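Enquirer: For reference, this is protein_24.cif, and it has mmCIF, C-alpha atoms and all ligand atoms.
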data_structure
#
loop_
_atom_site.label_atom_id
_atom_site.label_comp_id
_atom_site.auth_asym_id
_atom_site.auth_seq_id
_atom_site.Cartn_x
_atom_site.Cartn_y
_atom_site.Cartn_z
CA MET E 1 110.29 82.52 17.95
CA THR E 2 108.54 79.29 18.87
CA GLN E 3 108.23 77.49 22.16
CA VAL E 4 110.96 75.12 21.03
CA SER E 5 113.48 77.77 20.05
CA ARG E 6 112.68 79.65 23.22
CA ARG E 7 113.54 76.59 25.27
CA ILE E 8 116.76 76.14 23.35
CA PHE E 9 117.59 79.79 23.89
CA LEU E 10 116.88 79.70 27.62
CA GLY E 11 118.82 76.49 27.91
CA SER E 12 121.90 77.97 26.31
CA ALA E 13 121.60 81.30 28.08
CA LEU E 14 121.15 79.88 31.56
CA GLY E 15 122.89 76.53 31.44
CA GLY E 16 126.61 76.86 32.06
CA MET E 17 126.90 73.07 31.87
CA ALA E 18 125.36 73.03 28.43
CA LEU E 19 127.80 75.69 27.23
CA ALA E 20 130.82 73.89 28.65
CA SER E 21 129.76 70.66 26.97
CA CYS E 22 129.62 72.29 23.54
CA PRO E 23 133.22 72.66 22.28
CA ALA E 24 132.43 75.29 19.62
CA LEU E 25 130.71 77.55 22.13
CA ALA E 26 133.34 76.93 24.79
CA LEU E 27 136.00 78.17 22.37
CA GLY E 28 133.88 81.21 21.55
CA ARG E 29 133.28 80.10 17.96
CA ARG E 30 129.94 80.47 16.31
CA PRO E 31 128.14 77.19 15.66
CA ARG E 32 127.89 76.45 11.96
CA ALA E 33 124.41 76.62 10.53
CA ALA E 34 123.20 73.48 8.76
CA LEU E 35 121.80 75.37 5.78
CA ALA E 36 119.66 73.62 3.20
CA ALA E 37 117.71 74.94 0.22
CA THR E 38 114.42 73.60 -1.15
CA PRO E 39 113.00 75.05 -4.37
CA LEU E 40 109.36 76.11 -4.01
CA ALA E 41 109.08 77.58 -7.53
CA GLU E 42 111.40 78.40 -10.40
CA ASN E 43 112.74 81.55 -8.77
CA LEU E 44 111.87 80.90 -5.13
CA LEU E 45 113.87 78.98 -2.50
CA LEU E 46 113.10 77.98 1.05
CA ILE E 47 116.29 78.06 3.11
CA THR E 48 116.34 76.28 6.46
CA GLY E 49 118.95 76.06 9.19
CA ALA E 50 119.62 79.74 9.91
CA GLY E 51 117.30 79.89 12.94
CA ALA E 52 114.09 80.48 10.98
CA ASN E 53 112.67 79.65 7.60
CA VAL E 54 113.99 82.13 5.06
CA LEU E 55 112.46 82.64 1.62
CA ALA E 56 114.71 83.95 -1.15
CA ALA E 57 113.27 85.02 -4.52
CA ARG E 58 115.37 85.81 -7.58
CA GLY E 59 114.62 88.98 -9.55
CA PRO E 60 116.41 90.91 -12.27
CA GLY E 61 118.06 93.36 -9.84
CA GLY E 62 118.85 90.86 -7.10
CA ALA E 63 117.15 88.80 -4.43
CA LEU E 64 114.15 89.48 -2.24
CA TRP E 65 114.18 87.69 1.11
CA VAL E 66 111.54 87.09 3.73
CA ASP E 67 113.24 87.01 7.14
CA GLY E 68 116.95 86.75 7.72
CA GLY E 69 117.59 84.11 10.40
CA LEU E 70 119.75 84.66 13.46
CA GLU E 71 122.60 87.16 13.33
CA ALA E 72 125.13 84.41 14.16
CA HIS E 73 124.30 82.73 10.84
CA SER E 74 123.82 85.79 8.63
CA ALA E 75 127.23 85.78 6.88
CA GLU E 76 126.93 82.09 6.08
CA LEU E 77 123.31 82.50 5.02
CA GLU E 78 124.15 85.36 2.67
CA ARG E 79 126.88 83.35 0.92
CA PHE E 80 124.72 80.23 0.74
CA ALA E 81 121.61 81.98 -0.57
CA HIS E 82 123.48 83.82 -3.30
CA LYS E 83 125.24 80.63 -4.40
CA GLU E 84 122.02 78.60 -4.49
CA LEU E 85 119.96 81.30 -6.16
CA GLY E 86 122.63 82.74 -8.49
CA THR E 87 122.16 86.26 -7.07
CA ARG E 88 124.72 88.84 -5.96
CA ARG E 89 122.78 91.18 -3.75
CA VAL E 90 119.60 91.43 -1.72
CA THR E 91 117.46 94.35 -2.79
CA THR E 92 114.53 93.79 -0.41
CA LEU E 93 114.28 92.10 2.97
CA PHE E 94 110.97 91.56 4.75
CA ASN E 95 110.80 91.16 8.53
CA THR E 96 107.63 89.21 9.40
CA HIS E 97 108.01 90.43 13.03
CA TRP E 98 110.69 91.73 15.40
CA HIS E 99 112.06 88.48 16.92
CA PRO E 100 115.80 87.78 16.61
CA GLU E 101 115.32 84.80 14.25
CA GLN E 102 113.70 87.18 11.74
CA VAL E 103 115.96 90.24 11.94
CA GLY E 104 119.47 88.71 12.20
CA SER E 105 120.46 89.78 8.66
CA ASN E 106 119.07 93.33 8.95
CA LEU E 107 122.38 94.98 9.75
CA ARG E 108 124.41 93.09 7.15
CA LEU E 109 121.90 93.68 4.35
CA GLY E 110 120.83 97.14 5.52
CA LYS E 111 124.48 98.31 5.32
CA ARG E 112 124.57 97.10 1.74
CA GLY E 113 121.52 99.18 0.88
CA ALA E 114 118.69 96.63 0.98
CA THR E 115 115.22 98.03 1.56
CA ILE E 116 113.91 96.50 4.79
CA VAL E 117 110.12 96.19 4.83
CA ALA E 118 108.16 95.60 8.04
CA HIS E 119 105.09 96.66 9.93
CA GLU E 120 105.48 100.02 11.67
CA ASN E 121 105.17 98.33 15.10
CA THR E 122 108.13 96.09 14.24
CA ARG E 123 110.23 99.14 13.42
CA LEU E 124 109.22 100.75 16.71
CA TRP E 125 110.19 97.65 18.75
CA LEU E 126 113.53 97.28 16.97
CA GLY E 127 114.42 100.91 17.60
CA ARG E 128 114.10 100.70 21.37
CA LYS E 129 115.12 98.56 24.31
CA ILE E 130 112.69 95.65 24.70
CA ASN E 131 112.09 94.12 28.11
CA VAL E 132 110.39 90.72 28.12
CA SER E 133 110.24 88.06 30.83
CA TRP E 134 111.59 85.36 28.50
CA ARG E 135 114.94 87.04 27.89
CA GLU E 136 117.09 88.09 30.79
CA GLY E 137 118.38 91.60 30.13
CA GLY E 138 115.95 92.12 27.27
CA PHE E 139 116.99 93.21 23.78
CA GLU E 140 119.00 96.31 22.94
CA PRO E 141 117.84 98.58 20.11
CA LEU E 142 119.25 97.65 16.70
CA PRO E 143 121.70 100.07 15.05
CA ASP E 144 120.08 102.56 12.66
CA LYS E 145 121.34 100.70 9.57
CA ALA E 146 119.47 97.57 10.72
CA LEU E 147 116.07 99.23 11.14
CA PRO E 148 113.24 98.75 8.65
CA THR E 149 113.29 101.48 6.03
CA GLN E 150 109.81 100.96 4.61
CA THR E 151 106.86 100.37 6.90
CA PHE E 152 103.09 100.32 6.71
CA PHE E 153 100.18 100.27 9.13
CA TYR E 154 96.95 98.55 8.12
CA GLY E 155 95.78 96.72 5.08
CA LYS E 156 97.71 95.26 2.21
CA GLU E 157 100.53 96.41 -0.08
CA ARG E 158 101.92 95.13 -3.37
CA LEU E 159 105.24 95.08 -5.15
CA GLN E 160 106.51 93.51 -8.34
CA HIS E 161 109.75 91.53 -8.14
CA GLY E 162 110.73 90.30 -11.58
CA ASP E 163 107.84 88.18 -12.79
CA GLU E 164 106.52 87.64 -9.27
CA LEU E 165 103.71 89.74 -7.81
CA ILE E 166 104.10 90.05 -4.08
CA GLU E 167 101.28 91.07 -1.77
CA TYR E 168 101.95 91.62 1.89
CA GLY E 169 99.64 92.56 4.70
CA TYR E 170 99.26 93.14 8.41
CA MET E 171 97.94 90.28 10.53
CA ARG E 172 97.28 92.70 13.41
CA GLN E 173 98.13 91.62 16.94
CA ALA E 174 98.79 87.88 16.80
CA HIS E 175 102.22 86.38 17.64
CA THR E 176 103.45 89.96 18.38
CA ASP E 177 101.76 93.25 17.45
CA GLY E 178 103.67 93.61 14.18
CA ASP E 179 103.06 90.36 12.28
CA ILE E 180 102.87 90.46 8.52
CA TYR E 181 102.43 87.82 5.84
CA VAL E 182 104.14 87.92 2.44
CA HIS E 183 102.27 86.29 -0.44
CA PHE E 184 104.13 85.24 -3.61
CA ARG E 185 101.11 85.22 -5.90
CA ARG E 186 102.61 83.49 -8.90
CA ALA E 187 104.32 80.76 -6.86
CA ASN E 188 101.23 80.62 -4.61
CA VAL E 189 103.30 80.56 -1.44
CA ILE E 190 102.60 82.60 1.70
CA ALA E 191 105.26 83.32 4.31
CA ALA E 192 103.23 83.49 7.51
CA GLY E 193 105.95 84.26 10.08
CA GLY E 194 105.39 83.34 13.71
CA VAL E 195 101.60 83.30 13.60
CA VAL E 196 101.62 79.74 12.29
CA THR E 197 103.57 76.68 13.46
CA SER E 198 103.76 73.19 12.03
CA GLU E 199 105.64 71.14 14.57
CA GLY E 200 104.72 72.33 18.02
CA TRP E 201 102.71 74.75 20.12
CA PRO E 202 103.34 78.38 19.17
CA PHE E 203 104.85 81.02 21.41
CA ILE E 204 102.51 83.95 21.96
CA ASP E 205 104.63 86.98 22.79
CA TRP E 206 101.88 88.75 24.72
CA GLU E 207 104.38 91.17 26.26
CA THR E 208 104.93 92.75 22.83
CA GLY E 209 101.30 92.67 21.86
CA GLY E 210 100.49 89.11 20.74
CA TRP E 211 97.29 87.42 21.85
CA ILE E 212 95.36 84.26 21.12
CA GLY E 213 92.29 85.99 19.69
CA GLY E 214 94.65 87.73 17.28
CA MET E 215 96.29 84.41 16.30
CA ILE E 216 92.86 83.31 15.10
CA ALA E 217 92.23 86.63 13.31
CA GLY E 218 95.72 86.39 11.77
CA ILE E 219 94.97 82.91 10.42
CA ASP E 220 91.76 84.37 8.95
CA ARG E 221 93.87 86.89 7.04
CA LEU E 222 95.90 84.03 5.59
CA LEU E 223 92.77 82.11 4.65
CA GLU E 224 91.40 85.21 2.88
CA ALA E 225 94.60 85.54 0.87
CA ALA E 226 95.00 81.81 0.12
CA ASP E 227 93.27 79.40 -2.21
CA GLU E 228 93.09 75.62 -1.77
CA HIS E 229 96.53 75.09 -3.37
CA THR E 230 98.48 77.74 -1.45
CA ARG E 231 101.48 76.51 0.50
CA ILE E 232 101.97 78.19 3.86
CA VAL E 233 105.50 78.71 5.21
CA PRO E 234 105.66 79.11 9.00
CA ALA E 235 108.60 80.77 10.77
CA GLN E 236 109.84 77.32 11.75
CA GLY E 237 109.26 73.79 10.51
CA ARG E 238 107.63 72.22 7.47
CA LEU E 239 105.13 73.86 5.13
CA LEU E 240 101.39 73.64 5.79
CA THR E 241 98.41 73.15 3.52
CA VAL E 242 95.34 75.35 3.72
CA GLU E 243 93.38 72.38 5.10
CA GLU E 244 95.86 72.12 7.97
CA LEU E 245 95.55 75.85 8.57
CA LYS E 246 91.77 75.55 8.81
CA ALA E 247 92.15 72.69 11.32
CA GLN E 248 94.51 74.84 13.39
CA ARG E 249 92.05 77.70 13.37
CA ALA E 250 89.31 75.44 14.74
CA MET E 251 91.64 74.11 17.43
CA TYR E 252 92.75 77.58 18.57
CA MET E 253 89.10 78.69 18.64
CA THR E 254 88.22 75.84 21.01
CA ILE E 255 91.15 76.71 23.29
CA TYR E 256 90.33 80.42 23.09
CA GLU E 257 86.72 79.84 24.16
CA ARG E 258 87.80 77.62 27.06
CA LEU E 259 90.38 80.18 28.23
CA VAL E 260 88.01 83.15 27.98
CA LYS E 261 85.50 81.22 30.09
CA ALA E 262 88.19 80.48 32.67
CA LEU E 263 89.35 84.11 32.74
CA THR E 264 85.90 85.69 32.99
CA SER E 265 85.03 83.33 35.84
CA GLY E 266 88.00 84.77 37.73
CA LEU E 267 90.51 81.91 37.53
CA SER E 268 94.26 82.42 37.88
CA PRO E 269 96.61 81.07 35.17
CA ALA E 270 97.35 77.97 37.30
CA GLU E 271 93.63 77.33 37.89
CA ALA E 272 92.88 77.78 34.21
CA LEU E 273 95.63 75.34 33.21
CA ALA E 274 94.34 72.80 35.75
CA GLN E 275 91.18 72.59 33.61
CA GLU E 276 93.33 71.28 30.74
CA PRO E 277 91.99 73.66 28.08
CA ALA E 278 93.91 71.80 25.31
CA ARG E 279 92.50 68.39 26.25
CA GLY E 280 91.99 66.21 23.23
CA LEU E 281 93.70 68.71 20.89
CA ASN E 282 96.96 68.22 18.96
CA GLU E 283 98.47 65.94 21.59
CA HIS E 284 101.35 65.10 19.24
CA TRP E 285 102.58 68.68 19.74
CA GLY E 286 103.65 67.77 23.29
CA ASP E 287 103.12 69.68 26.53
CA PRO E 288 100.71 72.54 25.78
CA ASN E 289 101.13 74.29 29.13
CA PRO E 290 103.77 76.91 28.23
CA PHE E 291 101.60 77.90 25.26
CA LEU E 292 98.41 77.87 27.35
CA GLU E 293 99.93 80.02 30.07
CA ASN E 294 100.95 82.68 27.53
CA ALA E 295 97.61 82.38 25.75
CA PHE E 296 95.78 82.91 29.07
CA LYS E 297 97.93 85.89 30.06
CA SER E 298 97.45 87.31 26.57
CA LEU E 299 93.75 87.70 27.39
CA TRP E 300 94.49 90.12 30.23
CA GLY E 301 94.69 93.05 27.84
CA HIS E 302 91.39 92.13 26.18
CA TYR E 303 89.04 90.70 28.85
CA ALA E 304 88.23 91.25 32.50
CA PRO E 305 86.57 88.83 34.92
CA ASP E 306 82.79 89.26 35.16
CA ALA E 307 81.96 91.39 38.21
ZN ZN T 401 108.61 84.95 16.66
#
What is this file in structure tokens?
Ligand SMILES: [Zn+2]

Expert:
Amino acid sequence: MTQVSRRIFLGSALGGMALASCPALALGRRPRAALAATPLAENLLLITGAGANVLAARGPGGALWVDGGLEAHSAELERFAHKELGTRRVTTLFNTHWHPEQVGSNLRLGKRGATIVAHENTRLWLGRKINVSWREGGFEPLPDKALPTQTFFYGKERLQHGDELIEYGYMRQAHTDGDIYVHFRRANVIAAGGVVTSEGWPFIDWETGGWIGGMIAGIDRLLEAADEHTRIVPAQGRLLTVEELKAQRAMYMTIYERLVKALTSGLSPAEALAQEPARGLNEHWGDPNPFLENAFKSLWGHYAPDA
């Protein structure tokens, strides 16, 4: 989930006016997803419009997906992806983290027997009630059929899907505490989930274990896996180059150092934000304050003010 989608979500959840002004929602119908497919390699598609970027790779036994969009779009996404890719079933589904834009096809595909791969922390979150300040009422546990069936802890794993070698690894605590990347080696494409954004400030879900120091460490994992030609697919928005990723790392490091200084000198979130810790950085991304507030609070579990 990004700051933008979070705002859209809060707007639709809390704004009765907004609901009433949208005829499809007022009639209780699901809004149609504006799905579009972009080929990234011969057997690999990027599908947009389902609530998050979805990657779909063709293999001899069926498709392998990275993330599944929002549940409201999953039926449409499944039909669209199979039509575009010429596949009939999904054999493997990766969840890059536990947020609803990533796991919305888990139940549909899990019921059909897909292997759902995720970090162990993602499976733990999805199997229990999650209470977070940004969602009134929290999130209920997913049904058993929707839970990841294959998890890992640290390090890196590999699997072969047709002619594509796929490496996936843990990014540790970054956007949440269960972020993974999925690297299509032959296509030289990395799905980076919510740790990376391309069109706005990221959302750090510090209440489920994300933190700004980990965002930087997560980007380092991607840079270790990538070469200069690798294309990086964020959870939302356009693809990034490795050069752009390096620039983001430098920017987050500057903000991180400014926020740590503010925290260790005993400032409150409001006092820290008053120092404008994102001054001069990525101004085209808009108001940084929601991001900065979460980034500052994310330090609470890692630093204490100097006595
Ligand atoms: Zn997310």

Enquirer: Calculated over only C-alpha atoms, which of the candidates E:Gly155, E:Val260, E:Thr208, E:Ala295 has the smallest distance to Gly138 of chain E?

Expert: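 Counting only C-alpha atoms, the residue closest to Gly138 of chain E is E:Thr208.
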
Enquirer: Would you pick out the contacts of Lys156 of chain E at 10 Å or less, using only C-alpha atoms, so that residues sharing its chain but fewer than 2 positions from it are not included, and give the list as a list in words?

Expert: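 Within the cut-off, the hits are Phe152, Phe153, Tyr154, Arg158, Glu167, Tyr168, Gly169, Tyr170, Met171, Ile180, Tyr181 and Val182 of chain E.
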
Enquirer: Which chain E residues have any atom within 12 Å of an atom of ligand ZN 401 (chain T), and for each, what is the nearest pair of atoms with distance in Å to one decimal, counting all atoms listed in the file, rows sorted by chain and number, as a Markdown table?

Expert:
| residue | atom | partner | partner_atom | distance |
| --- | --- | --- | --- | --- |
| E:Met1 | CA | T:ZN401 | ZN | 3.2 |
| E:Thr2 | CA | T:ZN401 | ZN | 6.1 |
| E:Gln3 | CA | T:ZN401 | ZN | 9.3 |
| E:Val4 | CA | T:ZN401 | ZN | 11.0 |
| E:Ser5 | CA | T:ZN401 | ZN | 9.3 |
| E:Arg6 | CA | T:ZN401 | ZN | 9.4 |
| E:Gly51 | CA | T:ZN401 | ZN | 10.7 |
| E:Ala52 | CA | T:ZN401 | ZN | 9.1 |
| E:Asn53 | CA | T:ZN401 | ZN | 11.3 |
| E:Asp67 | CA | T:ZN401 | ZN | 10.8 |
| E:Gly69 | CA | T:ZN401 | ZN | 11.0 |
| E:Leu70 | CA | T:ZN401 | ZN | 11.6 |
| E:Asn95 | CA | T:ZN401 | ZN | 10.5 |
| E:Thr96 | CA | T:ZN401 | ZN | 8.5 |
| E:His97 | CA | T:ZN401 | ZN | 6.6 |
| E:Trp98 | CA | T:ZN401 | ZN | 7.2 |
| E:His99 | CA | T:ZN401 | ZN | 4.9 |
| E:Pro100 | CA | T:ZN401 | ZN | 7.7 |
| E:Glu101 | CA | T:ZN401 | ZN | 7.1 |
| E:Gln102 | CA | T:ZN401 | ZN | 7.4 |
| E:Val103 | CA | T:ZN401 | ZN | 10.2 |
| E:Thr122 | CA | T:ZN401 | ZN | 11.4 |
| E:Ala174 | CA | T:ZN401 | ZN | 10.2 |
| E:His175 | CA | T:ZN401 | ZN | 6.6 |
| E:Thr176 | CA | T:ZN401 | ZN | 7.4 |
| E:Asp177 | CA | T:ZN401 | ZN | 10.8 |
| E:Gly178 | CA | T:ZN401 | ZN | 10.3 |
| E:Asp179 | CA | T:ZN401 | ZN | 8.9 |
| E:Ile180 | CA | T:ZN401 | ZN | 11.4 |
| E:Ala192 | CA | T:ZN401 | ZN | 10.7 |
| E:Gly193 | CA | T:ZN401 | ZN | 7.1 |
| E:Gly194 | CA | T:ZN401 | ZN | 4.7 |
| E:Val195 | CA | T:ZN401 | ZN | 7.8 |
| E:Val196 | CA | T:ZN401 | ZN | 9.8 |
| E:Thr197 | CA | T:ZN401 | ZN | 10.2 |
| E:Pro202 | CA | T:ZN401 | ZN | 8.8 |
| E:Phe203 | CA | T:ZN401 | ZN | 7.2 |
| E:Ile204 | CA | T:ZN401 | ZN | 8.1 |
| E:Asp205 | CA | T:ZN401 | ZN | 7.6 |
| E:Trp206 | CA | T:ZN401 | ZN | 11.2 |
| E:Thr208 | CA | T:ZN401 | ZN | 10.6 |
| E:Gly209 | CA | T:ZN401 | ZN | 11.8 |
| E:Gly210 | CA | T:ZN401 | ZN | 10.0 |
| E:Pro234 | CA | T:ZN401 | ZN | 10.1 |
| E:Ala235 | CA | T:ZN401 | ZN | 7.2 |
| E:Gln236 | CA | T:ZN401 | ZN | 9.2 |

Enquirer: Would you mind reading off the distance between atom CA of Glu283 of chain E and atom CA of Ala250 of chain E, one decimal, in Å?

Expert: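 If I compute the distance from atom CA of Glu283 of chain E to atom CA of Ala250 of chain E, I get 14.9 Å.
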
Enquirer: List the spatial neighbours of Val242 of chain E as a ChimeraX atom specification - criterion: any atom at most 8 Å away, only C-alpha atoms, same-chain residues fewer than 3 positions off excluded.

Expert: /E:223,226-232,245-246

Enquirer: Give the answer as one residue: which of E:Glu42, E:Arg89, E:Glu207, E:Ala217 has the shortest atom-to-atom distance to Val132 of chain E, using all atoms listed in the file?

Expert: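 Smallest separation from Val132 of chain E among the options: E:Glu207.
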
Enquirer: Between atom CA of Thr38 of chain E and atom CA of Ile216 of chain E, what is the distance in Å, rounded to a tenth?

Expert: 28.7 Å

Enquirer: Just so I have it separately, write segment 72-91 of chain E from the block I sent, keeping N, CA and C atoms, as an mmCIF file, in the first residue's frame.

Expert:
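result09.cif written:
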data_model
loop_
_atom_site.group_PDB
_atom_site.id
_atom_site.type_symbol
_atom_site.label_atom_id
_atom_site.label_comp_id
_atom_site.auth_asym_id
_atom_site.auth_seq_id
_atom_site.Cartn_x
_atom_site.Cartn_y
_atom_site.Cartn_z
ATOM 1 N N ALA E 72 -11.493 -7.292 -4.828
ATOM 2 C CA ALA E 72 -12.617 -6.842 -5.670
ATOM 3 C C ALA E 72 -12.335 -7.039 -7.156
ATOM 4 N N HIS E 73 -11.058 -7.081 -7.532
ATOM 5 C CA HIS E 73 -10.716 -7.201 -8.955
ATOM 6 C C HIS E 73 -10.218 -8.601 -9.331
ATOM 7 N N SER E 74 -10.213 -9.535 -8.380
ATOM 8 C CA SER E 74 -9.473 -10.780 -8.639
ATOM 9 C C SER E 74 -10.096 -11.627 -9.745
ATOM 10 N N ALA E 75 -11.438 -11.679 -9.827
ATOM 11 C CA ALA E 75 -12.071 -12.496 -10.877
ATOM 12 C C ALA E 75 -11.727 -11.931 -12.252
ATOM 13 N N GLU E 76 -11.863 -10.601 -12.348
ATOM 14 C CA GLU E 76 -11.561 -9.939 -13.619
ATOM 15 C C GLU E 76 -10.080 -10.093 -13.978
ATOM 16 N N LEU E 77 -9.235 -9.963 -12.973
ATOM 17 C CA LEU E 77 -7.787 -10.089 -13.202
ATOM 18 C C LEU E 77 -7.434 -11.495 -13.691
ATOM 19 N N GLU E 78 -8.039 -12.494 -13.080
ATOM 20 C CA GLU E 78 -7.738 -13.874 -13.463
ATOM 21 C C GLU E 78 -8.103 -14.112 -14.934
ATOM 22 N N ARG E 79 -9.305 -13.675 -15.320
ATOM 23 C CA ARG E 79 -9.730 -13.841 -16.724
ATOM 24 C C ARG E 79 -8.792 -13.102 -17.671
ATOM 25 N N PHE E 80 -8.501 -11.852 -17.308
ATOM 26 C CA PHE E 80 -7.675 -10.993 -18.166
ATOM 27 C C PHE E 80 -6.267 -11.571 -18.321
ATOM 28 N N ALA E 81 -5.671 -11.964 -17.213
ATOM 29 C CA ALA E 81 -4.283 -12.453 -17.258
ATOM 30 C C ALA E 81 -4.177 -13.726 -18.089
ATOM 31 N N HIS E 82 -5.135 -14.630 -17.918
ATOM 32 C CA HIS E 82 -5.080 -15.870 -18.694
ATOM 33 C C HIS E 82 -5.262 -15.586 -20.193
ATOM 34 N N LYS E 83 -6.153 -14.667 -20.510
ATOM 35 C CA LYS E 83 -6.394 -14.331 -21.920
ATOM 36 C C LYS E 83 -5.134 -13.706 -22.527
ATOM 37 N N GLU E 84 -4.522 -12.771 -21.812
ATOM 38 C CA GLU E 84 -3.362 -12.062 -22.352
ATOM 39 C C GLU E 84 -2.133 -12.974 -22.471
ATOM 40 N N LEU E 85 -2.037 -13.906 -21.511
ATOM 41 C CA LEU E 85 -0.821 -14.719 -21.431
ATOM 42 C C LEU E 85 -0.989 -16.078 -22.116
ATOM 43 N N GLY E 86 -2.250 -16.439 -22.422
ATOM 44 C CA GLY E 86 -2.512 -17.752 -23.016
ATOM 45 C C GLY E 86 -2.328 -18.881 -22.015
ATOM 46 N N THR E 87 -2.647 -18.623 -20.741
ATOM 47 C CA THR E 87 -2.522 -19.653 -19.707
ATOM 48 C C THR E 87 -3.916 -20.054 -19.225
ATOM 49 N N ARG E 88 -3.976 -21.157 -18.495
ATOM 50 C CA ARG E 88 -5.279 -21.639 -18.002
ATOM 51 C C ARG E 88 -5.330 -21.715 -16.492
ATOM 52 N N ARG E 89 -4.183 -21.775 -15.873
ATOM 53 C CA ARG E 89 -4.190 -21.835 -14.404
ATOM 54 C C ARG E 89 -2.949 -21.167 -13.832
ATOM 55 N N VAL E 90 -3.048 -20.784 -12.579
ATOM 56 C CA VAL E 90 -1.896 -20.209 -11.877
ATOM 57 C C VAL E 90 -1.335 -21.288 -10.965
ATOM 58 N N THR E 91 -0.079 -21.626 -11.171
ATOM 59 C CA THR E 91 0.516 -22.678 -10.349
ATOM 60 C C THR E 91 1.161 -22.093 -9.092
#
